[in-house]
Amino acid sequence: MKKILYIETNMGAAGDMLLASLYELMDDQESFTQKLSDLSIPGVSYKPIKGKTCNIVGTRMCVDIHGEEEESVDIDVVDIDGHRSESNHEHSHEKKHNHAHHGFHQVSDFISHLPIDQKVISDAISVYEKLRNAEAAVHGMPVDQIHFHEVGTLDAIADVIGVCLAIAEINPDVVICSPVNVGSGQVRCAHGTMPVPAPATAELLKGIPIYSNGIRGELCTPTGAALLTYFADNFGPMPKMSYNKIGYGIGKKKFEAANCVRSFLGKEGDR
């Protein structure tokens with residue numbers, strides 16, 4: 001029987017929430033955390049901690065960047081005139097940094113030299129490529145002019161590599177994701193206020209079943225959207241399956257509903 005991974009995104013998805021939810025499915029969580037640490041991404045450390053959302057116990061994956069907890073996937077887009085636009089997502093607090101910016105080829109070269117299986121490297125670069133293409137499309141720019149903020153790059157690499165490694169460890173035959181709750185309202189960025197889902201997220205979720213149930217806030221981030229659309233074989237209701245593991249990945253923000261990504265791991269059909 002096929003091994004099925006079903007990802008429930010009733011509160012959208014961010015990279016750290018997905019990683020925490022998959023972490024909870026691991027047979028040997030300590031070993032997996034050590035593998036994350038062994039990546040030795042400069043300035044990055046992973047720390048899974050227990051937390052609650054609406055009194056449900058789960059894991060929150062704290063990713064520290066240079067000793068500070070990750071903020072958001074900040075993608076700086078430098079346009080032809082040299083103006084910069086920062087995207088700060090509501091799963092985190094806004095914070096501005098003054099650091100260097102890197103193009104996609106620099107990022108992919110960095111990922112390709114990490115001490116990790118080639119399949120994980122390939123998956124991570126492909127996810128990053130989806131992010132780059134979405135940003136280029138919404139900003140009307142050639143893909144080679146998309147540059148990533150240094151701190152945002154470390155955030156995204158940490159989350160993306162972590163999720164890609166977790167999927168490789170779990171090794172499901174099929175990945176199915178529920179329709180994605182994107183939230184509603186607006187999200188602030190450096191040059192104004194944008195609608196939710198943010199333009200890059202909306203671009204990534206083309207052709208995917210999405211909805212909003214009225215919860216105010218950005219529930220699905222661009223990194224979350226890129227990871228879901230890369231790994232999911234299908235989007236829809238939970239299939240007929242018998243599961244033996246459930247993972248709860250808790251987000252940072254508090255809402256009236258349990259803010260978590262929930263993952264189910266099991267086999268297709270009846271036992």
# chains A, B, ... in the order shown; residues from 1 in each chain; ligands from 1
>>> select_by_dssp(residues="region 114-153 of chain A", states="alpha helix (DSSP H)", output="ChimeraX atom specification")
/A:118-139,150-153
>>> residues_around(residues="region 217-224 of chain A", least_positions_apart="4", cutoff="7 Å", atoms="only C-alpha atoms", output="mmCIF file with N, CA, C and O atoms, in the first residue's frame")
data_model
loop_
_atom_site.group_PDB
_atom_site.id
_atom_site.type_symbol
_atom_site.label_atom_id
_atom_site.label_comp_id
_atom_site.auth_asym_id
_atom_site.auth_seq_id
_atom_site.Cartn_x
_atom_site.Cartn_y
_atom_site.Cartn_z
ATOM 1 N N MET A 11 -5.216 26.775 8.263
ATOM 2 C CA MET A 11 -4.720 28.085 8.657
ATOM 3 C C MET A 11 -3.521 28.473 7.790
ATOM 4 O O MET A 11 -2.572 29.106 8.247
ATOM 5 N N GLY A 12 -3.600 28.098 6.524
ATOM 6 C CA GLY A 12 -2.536 28.438 5.600
ATOM 7 C C GLY A 12 -1.257 27.679 5.903
ATOM 8 O O GLY A 12 -1.287 26.588 6.480
ATOM 9 N N ALA A 13 -0.132 28.266 5.517
ATOM 10 C CA ALA A 13 1.154 27.599 5.745
ATOM 11 C C ALA A 13 2.284 28.601 5.623
ATOM 12 O O ALA A 13 2.288 29.462 4.751
ATOM 13 N N ALA A 14 3.239 28.483 6.526
ATOM 14 C CA ALA A 14 4.516 29.173 6.431
ATOM 15 C C ALA A 14 5.593 28.101 6.523
ATOM 16 O O ALA A 14 5.339 26.985 6.992
ATOM 17 N N GLY A 15 6.803 28.420 6.063
ATOM 18 C CA GLY A 15 7.859 27.419 6.031
ATOM 19 C C GLY A 15 8.147 26.785 7.370
ATOM 20 O O GLY A 15 8.295 25.565 7.485
ATOM 21 N N HIS A 89 5.941 39.469 5.991
ATOM 22 C CA HIS A 89 4.716 38.698 6.112
ATOM 23 C C HIS A 89 4.229 38.624 7.543
ATOM 24 O O HIS A 89 4.997 38.592 8.481
ATOM 25 N N GLU A 90 2.915 38.595 7.704
ATOM 26 C CA GLU A 90 2.302 38.754 8.998
ATOM 27 C C GLU A 90 2.466 37.564 9.927
ATOM 28 O O GLU A 90 2.064 37.636 11.071
ATOM 29 N N HIS A 91 3.031 36.456 9.456
ATOM 30 C CA HIS A 91 3.309 35.364 10.386
ATOM 31 C C HIS A 91 4.430 35.775 11.329
ATOM 32 O O HIS A 91 4.714 35.095 12.299
ATOM 33 N N LEU A 131 9.955 30.543 -6.151
ATOM 34 C CA LEU A 131 9.858 31.843 -5.490
ATOM 35 C C LEU A 131 10.367 32.961 -6.397
ATOM 36 O O LEU A 131 9.729 34.010 -6.538
ATOM 37 N N ALA A 156 14.729 31.807 4.411
ATOM 38 C CA ALA A 156 14.113 30.936 3.420
ATOM 39 C C ALA A 156 14.906 29.648 3.244
ATOM 40 O O ALA A 156 14.333 28.566 3.167
ATOM 41 N N ASN A 181 -6.198 27.857 3.022
ATOM 42 C CA ASN A 181 -6.795 29.071 3.570
ATOM 43 C C ASN A 181 -5.746 30.179 3.501
ATOM 44 O O ASN A 181 -4.691 30.085 4.129
ATOM 45 N N VAL A 182 -6.021 31.231 2.724
ATOM 46 C CA VAL A 182 -5.014 32.274 2.511
ATOM 47 C C VAL A 182 -5.188 33.464 3.449
ATOM 48 O O VAL A 182 -4.329 34.346 3.500
ATOM 49 N N GLY A 183 -6.303 33.498 4.207
ATOM 50 C CA GLY A 183 -6.545 34.644 5.065
ATOM 51 C C GLY A 183 -7.235 35.757 4.308
ATOM 52 O O GLY A 183 -7.739 35.576 3.195
ATOM 53 N N SER A 184 -7.256 36.950 4.892
ATOM 54 C CA SER A 184 -7.917 38.083 4.256
ATOM 55 C C SER A 184 -7.340 39.378 4.794
ATOM 56 O O SER A 184 -6.537 39.383 5.730
ATOM 57 N N GLY A 185 -7.743 40.472 4.198
ATOM 58 C CA GLY A 185 -7.274 41.775 4.643
ATOM 59 C C GLY A 185 -6.088 42.253 3.833
ATOM 60 O O GLY A 185 -6.014 42.015 2.622
ATOM 61 N N GLN A 186 -5.165 42.893 4.511
ATOM 62 C CA GLN A 186 -4.017 43.497 3.837
ATOM 63 C C GLN A 186 -2.744 43.218 4.620
ATOM 64 O O GLN A 186 -2.779 42.920 5.813
ATOM 65 N N VAL A 187 -1.617 43.306 3.912
ATOM 66 C CA VAL A 187 -0.318 43.111 4.545
ATOM 67 C C VAL A 187 0.536 44.329 4.220
ATOM 68 O O VAL A 187 0.546 44.832 3.092
ATOM 69 N N VAL A 196 -4.168 40.589 0.724
ATOM 70 C CA VAL A 196 -3.892 39.186 1.061
ATOM 71 C C VAL A 196 -4.780 38.307 0.185
ATOM 72 O O VAL A 196 -5.982 38.576 0.085
ATOM 73 N N PRO A 197 -4.236 37.271 -0.467
ATOM 74 C CA PRO A 197 -2.837 36.838 -0.407
ATOM 75 C C PRO A 197 -1.912 37.823 -1.102
ATOM 76 O O PRO A 197 -2.310 38.476 -2.069
ATOM 77 N N ALA A 200 2.953 37.640 -4.666
ATOM 78 C CA ALA A 200 3.777 36.471 -4.983
ATOM 79 C C ALA A 200 3.076 35.179 -4.580
ATOM 80 O O ALA A 200 3.144 34.173 -5.293
ATOM 81 N N THR A 201 2.389 35.203 -3.428
ATOM 82 C CA THR A 201 1.637 34.028 -2.983
ATOM 83 C C THR A 201 0.529 33.703 -3.962
ATOM 84 O O THR A 201 0.318 32.539 -4.334
ATOM 85 N N LEU A 228 4.374 23.989 -0.790
ATOM 86 C CA LEU A 228 3.167 23.187 -1.003
ATOM 87 C C LEU A 228 2.996 22.822 -2.472
ATOM 88 O O LEU A 228 2.724 21.671 -2.816
#
>>> atom_distance(atom1="CA of Leu25 (chain A)", atom2="CA of Glu68 (chain A)")
26.6 Å
>>> residues_around(residues="region 250-257 of chain A", least_positions_apart="2", cutoff="9 Å", atoms="only C-alpha atoms", output="PDB file with all heavy atoms, in the first residue's frame")
ATOM      1  N   MET A  11      -5.216  26.775   8.263  1.00  0.00           N
ATOM      2  CA  MET A  11      -4.720  28.085   8.657  1.00  0.00           C
ATOM      3  C   MET A  11      -3.521  28.473   7.790  1.00  0.00           C
ATOM      4  O   MET A  11      -2.572  29.106   8.247  1.00  0.00           O
ATOM      5  CB  MET A  11      -4.341  28.088  10.138  1.00  0.00           C
ATOM      6  CG  MET A  11      -5.531  28.050  11.066  1.00  0.00           C
ATOM      7  SD  MET A  11      -6.592  29.522  10.942  1.00  0.00           S
ATOM      8  CE  MET A  11      -5.562  30.746  11.748  1.00  0.00           C
ATOM      9  N   ALA A  13      -0.132  28.266   5.517  1.00  0.00           N
ATOM     10  CA  ALA A  13       1.154  27.599   5.745  1.00  0.00           C
ATOM     11  C   ALA A  13       2.284  28.601   5.623  1.00  0.00           C
ATOM     12  O   ALA A  13       2.288  29.462   4.751  1.00  0.00           O
ATOM     13  CB  ALA A  13       1.360  26.468   4.746  1.00  0.00           C
ATOM     14  N   ALA A  14       3.239  28.483   6.526  1.00  0.00           N
ATOM     15  CA  ALA A  14       4.516  29.173   6.431  1.00  0.00           C
ATOM     16  C   ALA A  14       5.593  28.101   6.523  1.00  0.00           C
ATOM     17  O   ALA A  14       5.339  26.985   6.992  1.00  0.00           O
ATOM     18  CB  ALA A  14       4.671  30.202   7.556  1.00  0.00           C
ATOM     19  N   ASP A  16       8.198  27.617   8.438  1.00  0.00           N
ATOM     20  CA  ASP A  16       8.520  27.069   9.753  1.00  0.00           C
ATOM     21  C   ASP A  16       7.400  26.191  10.301  1.00  0.00           C
ATOM     22  O   ASP A  16       7.648  25.206  11.001  1.00  0.00           O
ATOM     23  CB  ASP A  16       8.852  28.193  10.736  1.00  0.00           C
ATOM     24  CG  ASP A  16       7.722  29.207  10.898  1.00  0.00           C
ATOM     25  OD1 ASP A  16       6.916  29.376   9.968  1.00  0.00           O
ATOM     26  OD2 ASP A  16       7.649  29.845  11.971  1.00  0.00           O
ATOM     27  N   MET A  17       6.146  26.525   9.965  1.00  0.00           N
ATOM     28  CA  MET A  17       5.011  25.709  10.409  1.00  0.00           C
ATOM     29  C   MET A  17       5.020  24.346   9.724  1.00  0.00           C
ATOM     30  O   MET A  17       4.784  23.310  10.347  1.00  0.00           O
ATOM     31  CB  MET A  17       3.703  26.443  10.135  1.00  0.00           C
ATOM     32  CG  MET A  17       3.529  27.716  10.952  1.00  0.00           C
ATOM     33  SD  MET A  17       2.147  28.727  10.374  1.00  0.00           S
ATOM     34  CE  MET A  17       0.738  27.703  10.842  1.00  0.00           C
ATOM     35  N   LEU A  18       5.303  24.341   8.416  1.00  0.00           N
ATOM     36  CA  LEU A  18       5.396  23.077   7.686  1.00  0.00           C
ATOM     37  C   LEU A  18       6.517  22.209   8.255  1.00  0.00           C
ATOM     38  O   LEU A  18       6.341  21.006   8.474  1.00  0.00           O
ATOM     39  CB  LEU A  18       5.662  23.349   6.205  1.00  0.00           C
ATOM     40  CG  LEU A  18       4.461  23.723   5.338  1.00  0.00           C
ATOM     41  CD1 LEU A  18       4.931  24.261   3.990  1.00  0.00           C
ATOM     42  CD2 LEU A  18       3.548  22.524   5.140  1.00  0.00           C
ATOM     43  N   ALA A  20       7.834  22.256  11.264  1.00  0.00           N
ATOM     44  CA  ALA A  20       7.490  21.761  12.597  1.00  0.00           C
ATOM     45  C   ALA A  20       6.498  20.614  12.531  1.00  0.00           C
ATOM     46  O   ALA A  20       6.594  19.632  13.268  1.00  0.00           O
ATOM     47  CB  ALA A  20       6.923  22.904  13.435  1.00  0.00           C
ATOM     48  N   SER A  21       5.531  20.722  11.632  1.00  0.00           N
ATOM     49  CA  SER A  21       4.526  19.674  11.493  1.00  0.00           C
ATOM     50  C   SER A  21       5.140  18.366  11.003  1.00  0.00           C
ATOM     51  O   SER A  21       4.818  17.279  11.493  1.00  0.00           O
ATOM     52  CB  SER A  21       3.432  20.181  10.556  1.00  0.00           C
ATOM     53  OG  SER A  21       3.023  19.296   9.638  1.00  0.00           O
ATOM     54  N   LYS A  50       8.149  22.891  22.352  1.00  0.00           N
ATOM     55  CA  LYS A  50       6.742  22.556  22.516  1.00  0.00           C
ATOM     56  C   LYS A  50       5.939  23.829  22.764  1.00  0.00           C
ATOM     57  O   LYS A  50       6.393  24.745  23.440  1.00  0.00           O
ATOM     58  CB  LYS A  50       6.542  21.579  23.671  1.00  0.00           C
ATOM     59  CG  LYS A  50       6.937  20.150  23.352  1.00  0.00           C
ATOM     60  CD  LYS A  50       6.074  19.594  22.231  1.00  0.00           C
ATOM     61  CE  LYS A  50       6.476  18.161  21.868  1.00  0.00           C
ATOM     62  NZ  LYS A  50       5.696  17.675  20.705  1.00  0.00           N
ATOM     63  N   GLY A  51       4.760  23.867  22.178  1.00  0.00           N
ATOM     64  CA  GLY A  51       3.897  25.019  22.358  1.00  0.00           C
ATOM     65  C   GLY A  51       2.444  24.604  22.249  1.00  0.00           C
ATOM     66  O   GLY A  51       2.143  23.426  22.017  1.00  0.00           O
ATOM     67  N   LYS A  52       1.537  25.571  22.414  1.00  0.00           N
ATOM     68  CA  LYS A  52       0.108  25.301  22.321  1.00  0.00           C
ATOM     69  C   LYS A  52      -0.569  26.345  21.451  1.00  0.00           C
ATOM     70  O   LYS A  52      -0.170  27.506  21.417  1.00  0.00           O
ATOM     71  CB  LYS A  52      -0.545  25.302  23.710  1.00  0.00           C
ATOM     72  CG  LYS A  52      -0.258  24.087  24.562  1.00  0.00           C
ATOM     73  CD  LYS A  52      -1.083  24.124  25.850  1.00  0.00           C
ATOM     74  CE  LYS A  52      -0.856  22.870  26.684  1.00  0.00           C
ATOM     75  NZ  LYS A  52      -1.686  22.875  27.917  1.00  0.00           N
ATOM     76  N   THR A  53      -1.606  25.925  20.771  1.00  0.00           N
ATOM     77  CA  THR A  53      -2.481  26.831  20.050  1.00  0.00           C
ATOM     78  C   THR A  53      -3.907  26.369  20.302  1.00  0.00           C
ATOM     79  O   THR A  53      -4.240  25.208  20.038  1.00  0.00           O
ATOM     80  CB  THR A  53      -2.157  26.875  18.545  1.00  0.00           C
ATOM     81  OG1 THR A  53      -3.100  27.726  17.881  1.00  0.00           O
ATOM     82  CG2 THR A  53      -2.168  25.494  17.905  1.00  0.00           C
ATOM     83  N   CYS A  54      -4.730  27.233  20.870  1.00  0.00           N
ATOM     84  CA  CYS A  54      -6.085  26.849  21.283  1.00  0.00           C
ATOM     85  C   CYS A  54      -6.059  25.595  22.149  1.00  0.00           C
ATOM     86  O   CYS A  54      -6.882  24.687  21.999  1.00  0.00           O
ATOM     87  CB  CYS A  54      -6.993  26.667  20.066  1.00  0.00           C
ATOM     88  SG  CYS A  54      -7.370  28.200  19.219  1.00  0.00           S
ATOM     89  N   VAL A  57      -1.473  20.867  21.847  1.00  0.00           N
ATOM     90  CA  VAL A  57      -0.023  20.804  21.966  1.00  0.00           C
ATOM     91  C   VAL A  57       0.597  20.461  20.612  1.00  0.00           C
ATOM     92  O   VAL A  57       0.132  19.577  19.894  1.00  0.00           O
ATOM     93  CB  VAL A  57       0.404  19.751  23.006  1.00  0.00           C
ATOM     94  CG1 VAL A  57       1.927  19.618  23.052  1.00  0.00           C
ATOM     95  CG2 VAL A  57      -0.122  20.125  24.386  1.00  0.00           C
ATOM     96  N   GLY A  58       1.654  21.172  20.269  1.00  0.00           N
ATOM     97  CA  GLY A  58       2.377  20.903  19.036  1.00  0.00           C
ATOM     98  C   GLY A  58       3.803  21.402  19.152  1.00  0.00           C
ATOM     99  O   GLY A  58       4.295  21.645  20.245  1.00  0.00           O
ATOM    100  N   THR A  59       4.450  21.565  18.016  1.00  0.00           N
ATOM    101  CA  THR A  59       5.832  22.034  17.979  1.00  0.00           C
ATOM    102  C   THR A  59       5.921  23.354  17.242  1.00  0.00           C
ATOM    103  O   THR A  59       5.276  23.545  16.209  1.00  0.00           O
ATOM    104  CB  THR A  59       6.748  21.012  17.280  1.00  0.00           C
ATOM    105  OG1 THR A  59       6.796  19.809  18.058  1.00  0.00           O
ATOM    106  CG2 THR A  59       8.163  21.551  17.121  1.00  0.00           C
ATOM    107  N   ARG A  60       6.698  24.267  17.787  1.00  0.00           N
ATOM    108  CA  ARG A  60       7.045  25.489  17.068  1.00  0.00           C
ATOM    109  C   ARG A  60       8.529  25.397  16.743  1.00  0.00           C
ATOM    110  O   ARG A  60       9.347  25.181  17.641  1.00  0.00           O
ATOM    111  CB  ARG A  60       6.748  26.736  17.890  1.00  0.00           C
ATOM    112  CG  ARG A  60       6.884  28.023  17.076  1.00  0.00           C
ATOM    113  CD  ARG A  60       6.145  29.175  17.730  1.00  0.00           C
ATOM    114  NE  ARG A  60       6.864  29.727  18.864  1.00  0.00           N
ATOM    115  CZ  ARG A  60       7.849  30.618  18.752  1.00  0.00           C
ATOM    116  NH1 ARG A  60       8.258  31.027  17.554  1.00  0.00           N
ATOM    117  NH2 ARG A  60       8.435  31.101  19.837  1.00  0.00           N
ATOM    118  N   MET A  61       8.858  25.518  15.471  1.00  0.00           N
ATOM    119  CA  MET A  61      10.248  25.413  15.051  1.00  0.00           C
ATOM    120  C   MET A  61      10.879  26.795  15.065  1.00  0.00           C
ATOM    121  O   MET A  61      10.577  27.637  14.208  1.00  0.00           O
ATOM    122  CB  MET A  61      10.351  24.793  13.655  1.00  0.00           C
ATOM    123  CG  MET A  61      11.776  24.509  13.217  1.00  0.00           C
ATOM    124  SD  MET A  61      12.637  23.274  14.247  1.00  0.00           S
ATOM    125  CE  MET A  61      11.812  21.751  13.742  1.00  0.00           C
ATOM    126  N   GLU A  90       2.915  38.595   7.704  1.00  0.00           N
ATOM    127  CA  GLU A  90       2.302  38.754   8.998  1.00  0.00           C
ATOM    128  C   GLU A  90       2.466  37.564   9.927  1.00  0.00           C
ATOM    129  O   GLU A  90       2.064  37.636  11.071  1.00  0.00           O
ATOM    130  CB  GLU A  90       0.815  39.077   8.841  1.00  0.00           C
ATOM    131  CG  GLU A  90       0.582  40.481   8.314  1.00  0.00           C
ATOM    132  CD  GLU A  90      -0.863  40.880   8.394  1.00  0.00           C
ATOM    133  OE1 GLU A  90      -1.640  40.195   9.091  1.00  0.00           O
ATOM    134  OE2 GLU A  90      -1.241  41.866   7.764  1.00  0.00           O
ATOM    135  N   HIS A  91       3.031  36.456   9.456  1.00  0.00           N
ATOM    136  CA  HIS A  91       3.309  35.364  10.386  1.00  0.00           C
ATOM    137  C   HIS A  91       4.430  35.775  11.329  1.00  0.00           C
ATOM    138  O   HIS A  91       4.714  35.095  12.299  1.00  0.00           O
ATOM    139  CB  HIS A  91       3.710  34.098   9.621  1.00  0.00           C
ATOM    140  CG  HIS A  91       2.553  33.188   9.373  1.00  0.00           C
ATOM    141  ND1 HIS A  91       2.226  32.178  10.224  1.00  0.00           N
ATOM    142  CD2 HIS A  91       1.634  33.161   8.380  1.00  0.00           C
ATOM    143  CE1 HIS A  91       1.165  31.541   9.755  1.00  0.00           C
ATOM    144  NE2 HIS A  91       0.795  32.122   8.659  1.00  0.00           N
ATOM    145  N   SER A  92       5.088  36.882  11.032  1.00  0.00           N
ATOM    146  CA  SER A  92       6.207  37.334  11.841  1.00  0.00           C
ATOM    147  C   SER A  92       6.067  38.836  12.084  1.00  0.00           C
ATOM    148  O   SER A  92       5.179  39.473  11.559  1.00  0.00           O
ATOM    149  CB  SER A  92       7.522  37.048  11.115  1.00  0.00           C
ATOM    150  OG  SER A  92       7.591  35.698  10.722  1.00  0.00           O
ATOM    151  N   ILE A 215     -10.825  35.029   8.442  1.00  0.00           N
ATOM    152  CA  ILE A 215      -9.771  35.338   9.401  1.00  0.00           C
ATOM    153  C   ILE A 215      -8.872  36.428   8.817  1.00  0.00           C
ATOM    154  O   ILE A 215      -8.423  36.325   7.673  1.00  0.00           O
ATOM    155  CB  ILE A 215      -8.955  34.083   9.754  1.00  0.00           C
ATOM    156  CG1 ILE A 215      -9.819  33.099  10.542  1.00  0.00           C
ATOM    157  CG2 ILE A 215      -7.701  34.444  10.550  1.00  0.00           C
ATOM    158  CD1 ILE A 215      -9.155  31.800  10.866  1.00  0.00           C
ATOM    159  N   ARG A 216      -8.649  37.474   9.590  1.00  0.00           N
ATOM    160  CA  ARG A 216      -7.861  38.600   9.116  1.00  0.00           C
ATOM    161  C   ARG A 216      -6.375  38.321   9.316  1.00  0.00           C
ATOM    162  O   ARG A 216      -5.926  37.981  10.407  1.00  0.00           O
ATOM    163  CB  ARG A 216      -8.237  39.869   9.879  1.00  0.00           C
ATOM    164  CG  ARG A 216      -9.708  40.235   9.793  1.00  0.00           C
ATOM    165  CD  ARG A 216     -10.094  40.810   8.452  1.00  0.00           C
ATOM    166  NE  ARG A 216      -9.501  42.126   8.242  1.00  0.00           N
ATOM    167  CZ  ARG A 216      -9.728  42.852   7.151  1.00  0.00           C
ATOM    168  NH1 ARG A 216     -10.487  42.381   6.175  1.00  0.00           N
ATOM    169  NH2 ARG A 216      -9.183  44.044   7.032  1.00  0.00           N
ATOM    170  N   TYR A 248       1.616  18.455  14.477  1.00  0.00           N
ATOM    171  CA  TYR A 248       1.077  19.809  14.613  1.00  0.00           C
ATOM    172  C   TYR A 248       2.234  20.807  14.587  1.00  0.00           C
ATOM    173  O   TYR A 248       3.070  20.823  15.492  1.00  0.00           O
ATOM    174  CB  TYR A 248       0.314  19.961  15.932  1.00  0.00           C
ATOM    175  CG  TYR A 248      -0.978  19.188  16.000  1.00  0.00           C
ATOM    176  CD1 TYR A 248      -0.995  17.855  16.411  1.00  0.00           C
ATOM    177  CD2 TYR A 248      -2.190  19.790  15.658  1.00  0.00           C
ATOM    178  CE1 TYR A 248      -2.180  17.140  16.481  1.00  0.00           C
ATOM    179  CE2 TYR A 248      -3.385  19.082  15.733  1.00  0.00           C
ATOM    180  CZ  TYR A 248      -3.373  17.757  16.139  1.00  0.00           C
ATOM    181  OH  TYR A 248      -4.549  17.056  16.197  1.00  0.00           O
ATOM    182  N   ASN A 259      -3.835  27.990  15.247  1.00  0.00           N
ATOM    183  CA  ASN A 259      -2.908  28.401  14.200  1.00  0.00           C
ATOM    184  C   ASN A 259      -1.832  27.334  14.014  1.00  0.00           C
ATOM    185  O   ASN A 259      -0.766  27.384  14.634  1.00  0.00           O
ATOM    186  CB  ASN A 259      -2.268  29.746  14.556  1.00  0.00           C
ATOM    187  CG  ASN A 259      -1.415  30.283  13.423  1.00  0.00           C
ATOM    188  OD1 ASN A 259      -1.600  29.928  12.266  1.00  0.00           O
ATOM    189  ND2 ASN A 259      -0.462  31.150  13.754  1.00  0.00           N
ATOM    190  N   CYS A 260      -2.129  26.363  13.176  1.00  0.00           N
ATOM    191  CA  CYS A 260      -1.184  25.276  12.958  1.00  0.00           C
ATOM    192  C   CYS A 260      -1.376  24.647  11.592  1.00  0.00           C
ATOM    193  O   CYS A 260      -2.443  24.742  10.981  1.00  0.00           O
ATOM    194  CB  CYS A 260      -1.325  24.200  14.036  1.00  0.00           C
ATOM    195  SG  CYS A 260      -2.922  23.358  14.042  1.00  0.00           S
ATOM    196  N   VAL A 261      -0.307  24.050  11.107  1.00  0.00           N
ATOM    197  CA  VAL A 261      -0.369  23.123   9.980  1.00  0.00           C
ATOM    198  C   VAL A 261      -0.428  21.731  10.591  1.00  0.00           C
ATOM    199  O   VAL A 261       0.360  21.401  11.479  1.00  0.00           O
ATOM    200  CB  VAL A 261       0.863  23.264   9.065  1.00  0.00           C
ATOM    201  CG1 VAL A 261       0.918  22.111   8.061  1.00  0.00           C
ATOM    202  CG2 VAL A 261       0.856  24.593   8.339  1.00  0.00           C
ATOM    203  N   ARG A 262      -1.362  20.904  10.120  1.00  0.00           N
ATOM    204  CA  ARG A 262      -1.505  19.547  10.656  1.00  0.00           C
ATOM    205  C   ARG A 262      -1.201  18.545   9.547  1.00  0.00           C
ATOM    206  O   ARG A 262      -1.754  18.643   8.449  1.00  0.00           O
ATOM    207  CB  ARG A 262      -2.911  19.342  11.204  1.00  0.00           C
ATOM    208  CG  ARG A 262      -3.094  18.031  11.923  1.00  0.00           C
ATOM    209  CD  ARG A 262      -4.328  17.987  12.806  1.00  0.00           C
ATOM    210  NE  ARG A 262      -5.571  18.144  12.085  1.00  0.00           N
ATOM    211  CZ  ARG A 262      -6.761  17.758  12.567  1.00  0.00           C
ATOM    212  NH1 ARG A 262      -6.850  17.237  13.775  1.00  0.00           N
ATOM    213  NH2 ARG A 262      -7.853  17.946  11.862  1.00  0.00           N
TER     214      ARG A 262
END
>>> select_by_dssp(residues="region 8-242 of chain A", states="strand (DSSP E)", output="count of residues only")
57
>>> residues_around(residues="Gly162 (chain A)", least_positions_apart="6", cutoff="10 Å", atoms="only C-alpha atoms", output="PyMOL selection string")
chain A and resi 15-16+18-20+22-23+32-33+35-36+39+46+120+124+156+168
>>> closest_residue(among="A:Asp155, A:Val127, A:Gly269, A:Ile116", to="Ile65 (chain A)", atoms="only C-alpha atoms")
A:Asp155
>>> residues_around(residues="Ile161 (chain A)", least_positions_apart="3", cutoff="8 Å", atoms="only C-alpha atoms", output="PyMOL selection string")
chain A and resi 120-121+124+157-158+164-165
